[in-house]
Structures are given as C-alpha cells and as structure tokens.
$ cat input_24.cif   # mmCIF, C-alpha atoms and all ligand atoms
data_model
loop_
_atom_site.label_atom_id
_atom_site.label_comp_id
_atom_site.auth_asym_id
_atom_site.auth_seq_id
_atom_site.Cartn_x
_atom_site.Cartn_y
_atom_site.Cartn_z
CA MET A 82 70.47 131.83 75.98
CA ALA A 83 72.23 128.74 77.25
CA LYS A 84 71.69 128.05 80.92
CA GLN A 85 74.62 128.59 83.20
CA ARG A 86 76.37 125.44 84.16
CA VAL A 87 76.69 125.08 87.91
CA LEU A 88 78.82 122.37 89.49
CA THR A 89 79.66 121.41 93.02
CA GLY A 90 81.23 118.46 94.80
CA ILE A 91 80.66 117.05 98.26
CA THR A 92 83.56 115.28 99.94
CA THR A 93 82.47 111.90 101.25
CA THR A 94 84.00 111.84 104.68
CA GLY A 95 81.16 112.56 107.05
CA THR A 96 77.47 112.44 107.86
CA PRO A 97 75.49 115.42 106.53
CA HIS A 98 74.46 117.88 109.24
CA LEU A 99 72.04 120.78 109.46
CA GLY A 100 74.78 123.23 108.46
CA ASN A 101 75.42 121.33 105.20
CA TYR A 102 71.70 121.26 104.57
CA VAL A 103 71.02 124.94 105.09
CA GLY A 104 74.27 126.19 103.56
CA ALA A 105 74.65 123.92 100.53
CA ILE A 106 72.20 121.11 99.90
CA ARG A 107 68.91 123.00 100.21
CA PRO A 108 69.89 125.95 97.98
CA SER A 109 71.56 123.67 95.42
CA ILE A 110 68.53 121.44 95.05
CA ALA A 111 66.23 124.46 94.84
CA ALA A 112 68.35 125.98 92.07
CA SER A 113 68.36 122.73 90.12
CA LEU A 114 64.59 122.39 90.37
CA ASP A 115 63.66 125.88 89.26
CA GLY A 116 65.19 125.18 85.87
CA SER A 117 67.35 128.32 85.79
CA THR A 118 70.61 126.38 85.84
CA ASP A 119 72.21 123.32 84.37
CA SER A 120 73.35 121.56 87.54
CA PHE A 121 76.10 119.03 88.16
CA PHE A 122 76.40 117.59 91.67
CA PHE A 123 78.83 114.87 92.54
CA LEU A 124 80.21 112.79 95.39
CA ALA A 125 83.87 113.73 95.64
CA ASP A 126 85.11 110.36 96.85
CA TYR A 127 88.67 110.75 95.57
CA HIS A 128 88.82 113.94 97.62
CA ALA A 129 87.78 111.92 100.66
CA LEU A 130 91.03 109.93 100.48
CA ILE A 131 93.01 113.11 101.10
CA LYS A 132 91.84 113.36 104.67
CA CYS A 133 90.43 109.96 105.46
CA GLN A 134 92.07 106.58 105.18
CA GLU A 135 89.25 104.57 106.69
CA PRO A 136 87.63 102.66 103.81
CA GLU A 137 84.46 101.86 105.75
CA ARG A 138 83.90 105.49 106.59
CA VAL A 139 84.35 106.58 102.97
CA ARG A 140 81.91 103.89 101.82
CA GLN A 141 79.33 104.71 104.48
CA SER A 142 79.61 108.46 103.92
CA SER A 143 79.17 108.08 100.15
CA LYS A 144 75.99 106.13 100.75
CA GLU A 145 74.68 108.60 103.33
CA ILE A 146 75.38 111.64 101.19
CA ALA A 147 73.78 110.11 98.11
CA ALA A 148 70.72 109.06 100.13
CA THR A 149 70.51 112.55 101.61
CA TRP A 150 70.36 114.36 98.28
CA LEU A 151 67.84 111.92 96.88
CA ALA A 152 65.68 112.00 100.02
CA LEU A 153 65.59 115.79 99.88
CA GLY A 154 64.05 115.71 96.46
CA LEU A 155 66.95 116.03 94.04
CA ASP A 156 65.49 115.25 90.64
CA THR A 157 68.14 113.33 88.72
CA ASP A 158 66.43 114.14 85.44
CA LYS A 159 67.01 117.83 86.11
CA ALA A 160 70.45 117.64 87.65
CA LEU A 161 73.36 115.38 86.86
CA PHE A 162 74.24 113.42 90.00
CA TYR A 163 77.25 111.13 89.95
CA ARG A 164 80.19 109.77 91.86
CA GLN A 165 83.58 111.19 90.90
CA SER A 166 85.29 107.80 90.86
CA ASP A 167 82.75 106.48 88.33
CA VAL A 168 84.05 108.99 85.79
CA PRO A 169 87.63 107.88 85.08
CA GLU A 170 88.19 110.75 82.65
CA ILE A 171 88.42 113.04 85.70
CA THR A 172 91.51 111.31 87.10
CA GLU A 173 93.01 111.12 83.64
CA LEU A 174 92.53 114.85 83.25
CA THR A 175 94.06 115.39 86.68
CA TRP A 176 97.42 114.09 85.51
CA ILE A 177 97.38 116.13 82.35
CA LEU A 178 96.54 119.24 84.38
CA CYS A 179 99.28 118.39 86.89
CA CYS A 180 101.69 118.85 84.03
CA VAL A 181 100.54 122.42 83.38
CA SER A 182 100.08 123.44 87.02
CA ALA A 183 102.84 125.43 88.62
CA LYS A 184 104.18 123.94 91.82
CA GLY A 185 104.51 127.47 93.13
CA LEU A 186 100.76 127.91 92.74
CA MET A 187 100.11 124.80 94.83
CA ASN A 188 102.56 126.03 97.49
CA ARG A 189 100.13 128.87 98.14
CA ALA A 190 97.03 126.70 98.72
CA HIS A 191 95.50 127.40 102.15
CA ALA A 192 94.90 123.77 103.11
CA TYR A 193 98.50 122.83 102.39
CA LYS A 194 99.90 125.94 104.03
CA ALA A 195 97.83 125.33 107.15
CA ALA A 196 99.20 121.79 107.41
CA VAL A 197 102.79 123.05 107.08
CA GLN A 198 102.13 125.74 109.66
CA ALA A 199 100.68 123.21 112.09
CA ASN A 200 103.84 121.12 111.70
CA GLU A 201 106.07 124.10 112.30
CA ASP A 202 104.09 125.10 115.37
CA ALA A 203 104.47 121.58 116.71
CA GLY A 204 108.21 121.62 116.06
CA GLU A 205 107.90 118.87 113.44
CA ASP A 206 109.45 118.62 110.01
CA PRO A 207 107.34 120.91 107.76
CA ASP A 208 106.44 117.98 105.48
CA TYR A 209 105.40 115.69 108.31
CA GLY A 210 102.28 113.71 107.39
CA ILE A 211 101.69 115.69 104.20
CA THR A 212 100.82 113.50 101.24
CA MET A 213 101.00 114.34 97.55
CA GLY A 214 97.22 113.98 97.66
CA LEU A 215 96.91 116.96 99.99
CA PHE A 216 99.49 118.96 98.06
CA SER A 217 97.96 118.40 94.62
CA TYR A 218 94.34 118.48 95.75
CA PRO A 219 93.59 121.76 93.92
CA VAL A 220 94.51 120.04 90.65
CA LEU A 221 92.02 117.24 91.23
CA MET A 222 89.43 119.88 92.03
CA ALA A 223 90.32 121.76 88.85
CA ALA A 224 89.78 118.55 86.86
CA ASP A 225 86.36 118.08 88.51
CA ILE A 226 85.36 121.52 87.33
CA LEU A 227 87.05 121.77 83.93
CA MET A 228 85.97 118.29 82.83
CA PHE A 229 82.42 119.62 82.54
CA ASN A 230 83.12 123.15 81.42
CA ALA A 231 81.35 124.40 84.51
CA GLU A 232 81.06 128.17 84.83
CA LYS A 233 79.64 128.80 88.28
CA ILE A 234 80.92 126.98 91.30
CA PRO A 235 78.90 127.53 94.49
CA VAL A 236 81.29 127.05 97.40
CA GLY A 237 82.03 128.20 100.91
CA ARG A 238 84.59 130.95 101.41
CA ASP A 239 87.32 128.44 102.20
CA GLN A 240 87.06 127.06 98.65
CA ILE A 241 87.25 130.30 96.64
CA GLN A 242 91.00 130.03 96.27
CA HIS A 243 90.69 126.54 94.78
CA VAL A 244 88.25 127.74 92.13
CA GLU A 245 90.60 130.58 91.28
CA MET A 246 93.37 128.03 90.88
CA ALA A 247 91.16 126.01 88.55
CA ARG A 248 90.68 129.12 86.48
CA ASP A 249 94.40 129.72 86.41
CA ILE A 250 95.10 126.17 85.32
CA ALA A 251 92.41 126.37 82.61
CA GLN A 252 93.92 129.55 81.26
CA ARG A 253 97.34 128.04 81.12
CA PHE A 254 96.09 124.94 79.32
CA ASN A 255 94.06 127.00 76.86
CA HIS A 256 97.07 129.17 76.16
CA ASN A 257 99.57 126.32 75.77
CA PHE A 258 97.44 123.87 73.81
CA ALA A 259 93.90 124.64 72.71
CA GLU A 260 90.92 126.62 73.95
CA LEU A 261 89.12 123.65 75.47
CA PHE A 262 88.16 124.84 78.92
CA ALA A 263 85.61 127.35 80.17
CA LEU A 264 86.93 129.65 82.89
CA PRO A 265 85.09 128.88 86.13
CA GLU A 266 84.07 131.37 88.78
CA ALA A 267 83.29 130.82 92.45
CA VAL A 268 79.89 131.95 93.69
CA VAL A 269 79.49 132.64 97.38
CA ASP A 270 75.90 133.35 98.20
CA ASP A 271 75.75 135.65 101.20
CA SER A 272 71.98 135.28 101.47
CA VAL A 273 72.46 131.63 102.39
CA SER A 274 72.97 131.32 106.10
CA VAL A 275 76.01 129.82 107.69
CA LEU A 276 74.44 127.89 110.52
CA GLN A 277 75.89 128.05 114.01
CA GLY A 278 76.58 124.82 115.86
CA LEU A 279 75.74 123.70 119.40
CA ASP A 280 78.46 125.91 120.87
CA GLY A 281 77.68 129.02 118.80
CA ARG A 282 80.64 128.67 116.45
CA LYS A 283 80.08 127.82 112.79
CA MET A 284 78.54 124.35 112.56
CA SER A 285 81.35 122.12 111.36
CA LYS A 286 82.62 118.58 111.68
CA SER A 287 85.96 119.95 112.76
CA TYR A 288 84.43 121.69 115.80
CA ASN A 289 82.41 118.65 116.77
CA ASN A 290 79.35 120.85 117.29
CA THR A 291 77.03 119.54 114.60
CA ILE A 292 73.45 118.34 114.55
CA PRO A 293 73.16 115.41 112.11
CA LEU A 294 70.51 116.07 109.49
CA PHE A 295 68.68 112.77 109.66
CA GLN A 296 69.03 111.58 113.21
CA THR A 297 65.82 110.24 114.75
CA GLU A 298 63.16 112.62 115.94
CA LYS A 299 64.07 111.89 119.53
CA GLN A 300 67.76 112.54 118.94
CA LEU A 301 66.97 115.74 117.08
CA ARG A 302 64.99 117.01 120.05
CA LYS A 303 67.89 116.11 122.34
CA SER A 304 70.42 117.88 120.11
CA ILE A 305 68.35 121.04 119.96
CA ASN A 306 68.05 120.98 123.74
CA LYS A 307 71.85 120.95 123.90
CA ILE A 308 72.29 124.24 122.03
CA ARG A 309 74.19 126.57 124.31
CA THR A 310 72.18 129.45 125.81
CA ASN A 311 72.77 131.94 128.61
CA LEU A 312 71.23 131.81 132.08
CA LEU A 313 68.43 134.32 131.60
CA GLU A 314 65.17 133.24 133.25
CA PRO A 315 61.72 133.05 131.64
CA GLY A 316 60.29 136.57 131.42
CA GLU A 317 63.71 138.20 131.09
CA PRO A 318 64.23 139.82 127.65
CA LYS A 319 66.72 137.93 125.47
CA ASP A 320 68.85 139.20 122.65
CA PRO A 321 67.84 137.32 119.48
CA ASP A 322 70.92 138.48 117.62
CA ASP A 323 73.15 136.83 120.16
CA SER A 324 71.39 133.48 120.18
CA THR A 325 72.10 130.28 118.30
CA VAL A 326 68.50 129.19 118.87
CA PHE A 327 67.25 132.28 117.09
CA GLN A 328 69.86 132.03 114.36
CA MET A 329 68.74 128.49 113.59
CA TRP A 330 65.14 129.60 113.71
CA THR A 331 65.75 132.16 110.97
CA ALA A 332 67.25 129.47 108.72
CA PHE A 333 64.00 127.51 108.79
CA ALA A 334 61.23 130.07 109.40
CA SER A 335 59.33 132.39 107.08
CA ASP A 336 59.87 136.14 107.51
CA GLU A 337 56.66 136.46 109.53
CA GLU A 338 57.61 133.59 111.80
CA THR A 339 61.02 135.17 112.29
CA ALA A 340 59.46 138.51 113.21
CA ARG A 341 57.15 136.77 115.67
CA MET A 342 60.05 134.92 117.35
CA ARG A 343 62.03 138.13 117.56
CA ARG A 344 59.17 139.65 119.59
CA GLU A 345 58.97 136.51 121.75
CA PHE A 346 62.65 136.94 122.59
CA GLU A 347 62.15 140.59 123.43
CA ILE A 348 59.34 139.78 125.84
CA GLY A 349 61.33 136.98 127.45
CA ILE A 350 60.34 133.61 126.03
CA ALA A 351 61.78 130.77 128.17
CA TRP A 352 64.71 128.93 126.61
CA GLY A 353 62.88 125.63 126.99
CA GLU A 354 59.89 126.98 125.09
CA ALA A 355 62.02 128.54 122.34
CA LYS A 356 63.82 125.24 121.85
CA LYS A 357 60.57 123.32 121.79
CA GLN A 358 59.27 125.57 119.02
CA LEU A 359 62.55 125.31 117.16
CA PHE A 360 62.37 121.53 117.30
CA GLU A 361 58.81 121.56 115.89
CA LEU A 362 59.85 123.85 113.07
CA VAL A 363 62.98 121.93 112.04
CA ASN A 364 61.32 118.57 112.47
CA GLY A 365 58.37 119.72 110.37
CA GLU A 366 60.66 120.55 107.49
CA LEU A 367 62.65 117.32 107.72
CA ALA A 368 60.25 114.58 108.84
CA ALA A 369 59.09 113.36 105.43
CA ALA A 370 62.59 113.45 103.95
CA ARG A 371 63.89 111.54 106.97
CA ASP A 372 61.50 108.68 106.22
CA ARG A 373 62.62 108.61 102.60
CA TYR A 374 66.23 108.67 103.77
CA GLN A 375 65.69 105.59 105.93
CA GLU A 376 64.09 103.78 103.00
CA LEU A 377 66.97 104.68 100.70
CA MET A 378 69.59 103.63 103.22
CA ALA A 379 67.87 100.25 103.38
CA ASP A 380 68.08 99.92 99.59
CA PRO A 381 71.72 100.47 98.58
CA ALA A 382 71.16 98.73 95.24
CA HIS A 383 68.80 101.53 94.27
CA ILE A 384 71.32 104.20 95.23
CA GLU A 385 73.96 102.38 93.19
CA SER A 386 71.76 102.26 90.14
CA VAL A 387 70.96 105.98 90.37
CA LEU A 388 74.67 106.78 90.65
CA ARG A 389 75.55 104.48 87.79
CA GLN A 390 73.02 106.14 85.52
CA GLY A 391 74.35 109.53 86.59
CA ALA A 392 77.89 108.50 85.70
CA GLU A 393 76.77 107.26 82.31
CA ARG A 394 75.26 110.64 81.58
CA ALA A 395 78.26 112.49 82.95
CA ARG A 396 80.53 110.49 80.69
CA GLU A 397 78.61 111.72 77.68
CA TYR A 398 80.33 115.01 78.48
CA SER A 399 83.66 113.78 79.76
CA ARG A 400 84.50 111.26 77.03
CA PRO A 401 84.45 113.65 74.06
CA LEU A 402 86.30 116.32 76.01
CA ILE A 403 89.08 114.03 77.23
CA ARG A 404 89.52 112.87 73.65
CA LYS A 405 90.13 116.46 72.57
CA VAL A 406 92.42 117.09 75.52
CA ARG A 407 94.52 114.03 74.74
CA GLU A 408 94.77 115.05 71.14
CA ALA A 409 95.71 118.60 72.07
CA VAL A 410 98.65 117.44 74.20
CA GLY A 411 99.85 114.85 71.70
CA ILE A 412 98.60 111.63 73.27
CA SER A 413 96.95 109.76 70.50
CA GLY A 414 96.38 106.16 71.52
CA VAL A 415 92.99 104.88 70.48
CA ARG A 416 90.26 104.82 73.15
N1 LIG B 501 86.90 120.55 97.99
C1 LIG B 501 85.50 120.81 98.17
C2 LIG B 501 85.21 120.91 99.66
O1 LIG B 501 85.98 120.43 100.47
C3 LIG B 501 84.67 119.71 97.56
C4 LIG B 501 84.88 119.66 96.08
C5 LIG B 501 85.64 118.74 95.41
C6 LIG B 501 84.39 120.59 95.14
N2 LIG B 501 85.62 119.02 94.09
C7 LIG B 501 84.87 120.14 93.87
C8 LIG B 501 83.59 121.72 95.22
C9 LIG B 501 84.58 120.83 92.70
C10 LIG B 501 83.30 122.42 94.03
C11 LIG B 501 83.80 121.97 92.80
O2 LIG B 501 84.20 121.48 100.03
#
$ encode --input "input_24.cif" --output "structure tokens" --more "lines below"
Ligand code: TRP
Amino acid sequence: MAKQRVLTGITTTGTPHLGNYVGAIRPSIAASLDGSTDSFFFLADYHALIKCQEPERVRQSSKEIAATWLALGLDTDKALFYRQSDVPEITELTWILCCVSAKGLMNRAHAYKAAVQANEDAGEDPDYGITMGLFSYPVLMAADILMFNAEKIPVGRDQIQHVEMARDIAQRFNHNFAELFALPEAVVDDSVSVLQGLDGRKMSKSYNNTIPLFQTEKQLRKSINKIRTNLLEPGEPKDPDDSTVFQMWTAFASDEETARMRREFEIGIAWGEAKKQLFELVNGELAAARDRYQELMADPAHIESVLRQGAERAREYSRPLIRKVREAVGISGVR
C-alpha cells in the first residue's frame, strides 16, 4: 500500500517557541522518521508576506525555522524539506486556482472575516488595511497542498477551514477540467498537547507569552521562572490540573514522571522546586539540539544548500503536475 502523503507548511514570520515544538515540530519529525508516512514540510515564505512586511524579519525567520527543523533531527532523505518560494510552480498554480475559486467561498474565511470585524468594531471602513494577499490566502494554501497531491494535512484547529477550502477548490478543478488533484483532509491530533504560555493562555506569538525554543540555557531558566503560578506556600497542596508548570511538565515527561509530579503537587511541592525540575527536564530534551542549532545558524550556506536540494526534489513532483494542469486549462506554451 502506498504511504499516505502528509504535508504541512510553517509561516516564516517568527522565532519557533516551545508551543510550536510540542504541538507541531516534534510530532511531525517523529512521523517522518518512523517511515509510516511520506512527508512534505516547507517554509511558507509567501504566506509570511500576508502578515509581515519587514523583509529582514522574513529572512531571519526563514533561517531560524529551517535551522530549527534540521537541528531537531529532521532527516531530509526521509522527508522533503523545501522553501515555498523556491518552487515557482506553486505560485503559478495559485493563479490558475484563483480562477476556479468562488469569491463567496473566500468571503467566509475566518482570517479575513476577523479582519473585517475588527475594522467594523473600530468604526473603520470594512476593507481598511485588507490586502488581496489576506483575502486570497486560502487559494495560495490550496496550491501548496494540491501541488503535491497531499492527502493528510496536520494543522491546528484554526486551519481546518483552509484545508476544507483546498478540498473544495480541488473538487471544482477536477470537475471542470481533469481529475488531477487528490482531495486533502485536515488531521488534528488531539493527543498532541497545546502548550500553555507564561500567562496560562495558549502559547502564541499573538499573546506575547511564548518561551523561545532555542534561547540560551540561562534565558530558558529565566523564562520558566516567569510562568505564572498562584501564591500557595511550600507544603500546601497544589492542583496540578490548574497549573501551567504541570501542563508543561506533561508535554516533556514520561508517564511515570508525570505520575510522580502529580503526587509532588498533591503533597505541596514548592513552586521554586517544581520550576527547577521543569527546567532540568526541558533543558535535558533540548540541550543537544540547541548546540546544533547554533552551529547551523552560523553556517547559512549549509542551510541554503539543504533547501536548494529540497526544492529540486520537490520540483520533480511539481513540474510534471503543472504541465498537466496547464494543458488541462488550455495553456499550451512550451516550458
Ligand atoms: N497557513 C498555515 C498557518 O498559518 C501555514 C501553511 C501554509 C500551511 N501553507 C500550508 C499549513 C499548507 C498546511 C498546509 O499555520
């Protein structure tokens, strides 16, 4: 049986944090290594332009995200790893898909609707600050997915709608022209934890409550010490299920270690001690990768060459498919 093709993109606007690691990077790399899937991972740098018009930040973030995946042991022989902008067939497909995508479908996209709502709440014109990039973003995402006939798309809940739109667009193309696209499906893995941030809300750039994945050991200790706790004293029983420290512990610990910490909470471990143990645990998992990350960041030429090779391999898929797509819609210039 053919392996399932799994594909996911990472928008290059920020610095990876522990939430990205636990929720996306760690499970994705594990799945690619165990050989059960055919994995495609890419840096979604054209997506970055939708929300970020700071070239230096996009450049730096692309480098950091690539270095992160490589430092964490992504094996580029087992998974295809590339940068979206290195595969020009994706943007070409985006336009063709734009021409089969209903505007009404895009009107319903959450990200766009939220931006309109924010404008209305602020008493602005509903279109204020909204670019065509934001509006048509689900079409670019559909092209990312359909270009590689990906079937399973691991995403957070906020992205399910976009994968459904990709499916819709694929169906419409297949119906109008030729059966060229597989119908993708979102996969949301509930066993993967959504990490809480410093303030107890979901860890997210937009809440400014993140712990960067590869900050120095000293900074990591400091960040963990900043996790919000209550005022219970040492010796007073603490509720593990209402604690960000414990929640983070469970994302890194074995089942036995989790059971032990649960008992420690119940008999009143001091917050300082719990945080110290949490730091040791997290740091233990990340220390070696952090060193590799620093080495990679100091060697951008190496990162570039890995990405270039990835793009070459990706284009072995995208070139023949775009040729068929062009033919199907009646564009027949030689390429
Ligand atoms: N839009 C996704 C996000 O913000 C990133 C992304 C871009 C993506 N293209 C994709 C995810 C294709 C899955 C498949 O998280």
$ residues_around --input "input_24.cif" --residues "Lys356 of chain A" --least-positions-apart "3" --cutoff "12 Å" --atoms "all atoms listed in the file" --output "MDAnalysis selection string"
chainID A and resid 301:310 324:330 342 346 350:353 359:364
$ atom_distance --input "input_24.cif" --atom1 "atom CA of Lys144 of chain A" --atom2 "atom CA of Gly104 of chain A"
20.3 Å
$ residues_near_ligand --input "input_24.cif" --ligand "ligand LIG 501 (chain B)" --cutoff "8 Å" --atoms "only C-alpha atoms and all ligand atoms" --output "compact mmCIF listing (two decimals) with C-alpha atoms, keeping the file's coordinate frame"
# COMPACT_ATOMS: atom_id res chain seq x y z
CA LEU A 88 78.82 122.37 89.49
CA THR A 89 79.66 121.41 93.02
CA GLY A 90 81.23 118.46 94.80
CA ILE A 91 80.66 117.05 98.26
CA THR A 92 83.56 115.28 99.94
CA ALA A 125 83.87 113.73 95.64
CA HIS A 128 88.82 113.94 97.62
CA PRO A 219 93.59 121.76 93.92
CA LEU A 221 92.02 117.24 91.23
CA MET A 222 89.43 119.88 92.03
CA ALA A 223 90.32 121.76 88.85
CA ASP A 225 86.36 118.08 88.51
CA ILE A 226 85.36 121.52 87.33
CA ILE A 234 80.92 126.98 91.30
CA PRO A 235 78.90 127.53 94.49
CA VAL A 236 81.29 127.05 97.40
CA GLY A 237 82.03 128.20 100.91
CA ASP A 239 87.32 128.44 102.20
CA GLN A 240 87.06 127.06 98.65
CA HIS A 243 90.69 126.54 94.78
CA VAL A 244 88.25 127.74 92.13
$ closest_residue --input "input_24.cif" --among "A:Leu215, A:Ala369, A:Ala379, A:Met228" --to "Gln165 of chain A" --atoms "only C-alpha atoms"
A:Met228
$ closest_residue --input "input_24.cif" --among "A:Arg371, A:Arg282, A:Lys357, A:Arg396" --to "Glu298 of chain A" --atoms "all atoms listed in the file"
A:Arg371
$ atom_distance --input "input_24.cif" --atom1 "atom CA of Met213 of chain A" --atom2 "atom CA of Asn200 of chain A"
15.9 Å
$ atom_distance --input "input_24.cif" --atom1 "atom CA of Leu178 of chain A" --atom2 "atom CA of Gly411 of chain A"
13.8 Å
$ closest_residue --input "input_24.cif" --among "A:Leu261, A:Leu161, A:Ile146, A:Ala231" --to "Arg407 of chain A" --atoms "all atoms listed in the file"
A:Leu261
$ closest_residue --input "input_24.cif" --among "A:Ala192, A:Ala251, A:Leu294, A:Leu114" --to "Tyr374 of chain A" --atoms "only C-alpha atoms"
A:Leu294
$ residues_around --input "input_24.cif" --residues "Pro293 of chain A" --least-positions-apart "5" --cutoff "8 Å" --atoms "only C-alpha atoms" --output "tab-separated table (two decimals) with C-alpha atoms, keeping the file's coordinate frame"
chain	number	residue	atom	x	y	z
A	96	THR	CA	77.47	112.44	107.86
A	97	PRO	CA	75.49	115.42	106.53
A	98	HIS	CA	74.46	117.88	109.24
A	99	LEU	CA	72.04	120.78	109.46
A	301	LEU	CA	66.97	115.74	117.08
$ closest_residue --input "input_24.cif" --among "A:Gln252, A:Gln242, A:Thr291, A:Gln358" --to "Glu345 of chain A" --atoms "all atoms listed in the file"
A:Gln358
$ closest_residue --input "input_24.cif" --among "A:Ala183, A:Leu153, A:Val269, A:Met284" --to "Met246 of chain A" --atoms "all atoms listed in the file"
A:Ala183
$ residues_around --input "input_24.cif" --residues "Ala263 of chain A" --least-positions-apart "2" --cutoff "12 Å" --atoms "only C-alpha atoms" --output "JSON, numbers by chain"
{"A": [85, 86, 223, 224, 226, 227, 228, 229, 230, 231, 232, 233, 247, 248, 249, 250, 251, 252, 253, 254, 255, 259, 260, 261, 265, 266, 402]}
$ residues_around --input "input_24.cif" --residues "segment 207-212 of chain A" --least-positions-apart "5" --cutoff "9 Å" --atoms "only C-alpha atoms" --output "list in words"
Ile131, Tyr193, Ala196, Val197, Gln198, Ala199, Asn200, Glu201 and Ser217 of chain A
$ write_last_selection --input "input_24.cif" --atoms "C-alpha atoms" --output "PDB file, keeping the file's coordinate frame"
ATOM      1  CA  ILE A 131      93.010 113.110 101.100  1.00  0.00           C
ATOM      2  CA  TYR A 193      98.500 122.830 102.390  1.00  0.00           C
ATOM      3  CA  ALA A 196      99.200 121.790 107.410  1.00  0.00           C
ATOM      4  CA  VAL A 197     102.790 123.050 107.080  1.00  0.00           C
ATOM      5  CA  GLN A 198     102.130 125.740 109.660  1.00  0.00           C
ATOM      6  CA  ALA A 199     100.680 123.210 112.090  1.00  0.00           C
ATOM      7  CA  ASN A 200     103.840 121.120 111.700  1.00  0.00           C
ATOM      8  CA  GLU A 201     106.070 124.100 112.300  1.00  0.00           C
ATOM      9  CA  SER A 217      97.960 118.400  94.620  1.00  0.00           C
TER      10      SER A 217
END
$ residues_around --input "input_24.cif" --residues "Glu317 of chain A" --least-positions-apart "4" --cutoff "8 Å" --atoms "all atoms listed in the file" --output "number ranges by chain"
A: 313, 348-350
$ write_last_selection --input "input_24.cif" --atoms "C-alpha atoms" --output "PDB file, in the coordinates of the input"
ATOM      1  CA  LEU A 313      68.430 134.320 131.600  1.00  0.00           C
ATOM      2  CA  ILE A 348      59.340 139.780 125.840  1.00  0.00           C
ATOM      3  CA  GLY A 349      61.330 136.980 127.450  1.00  0.00           C
ATOM      4  CA  ILE A 350      60.340 133.610 126.030  1.00  0.00           C
TER       5      ILE A 350
END
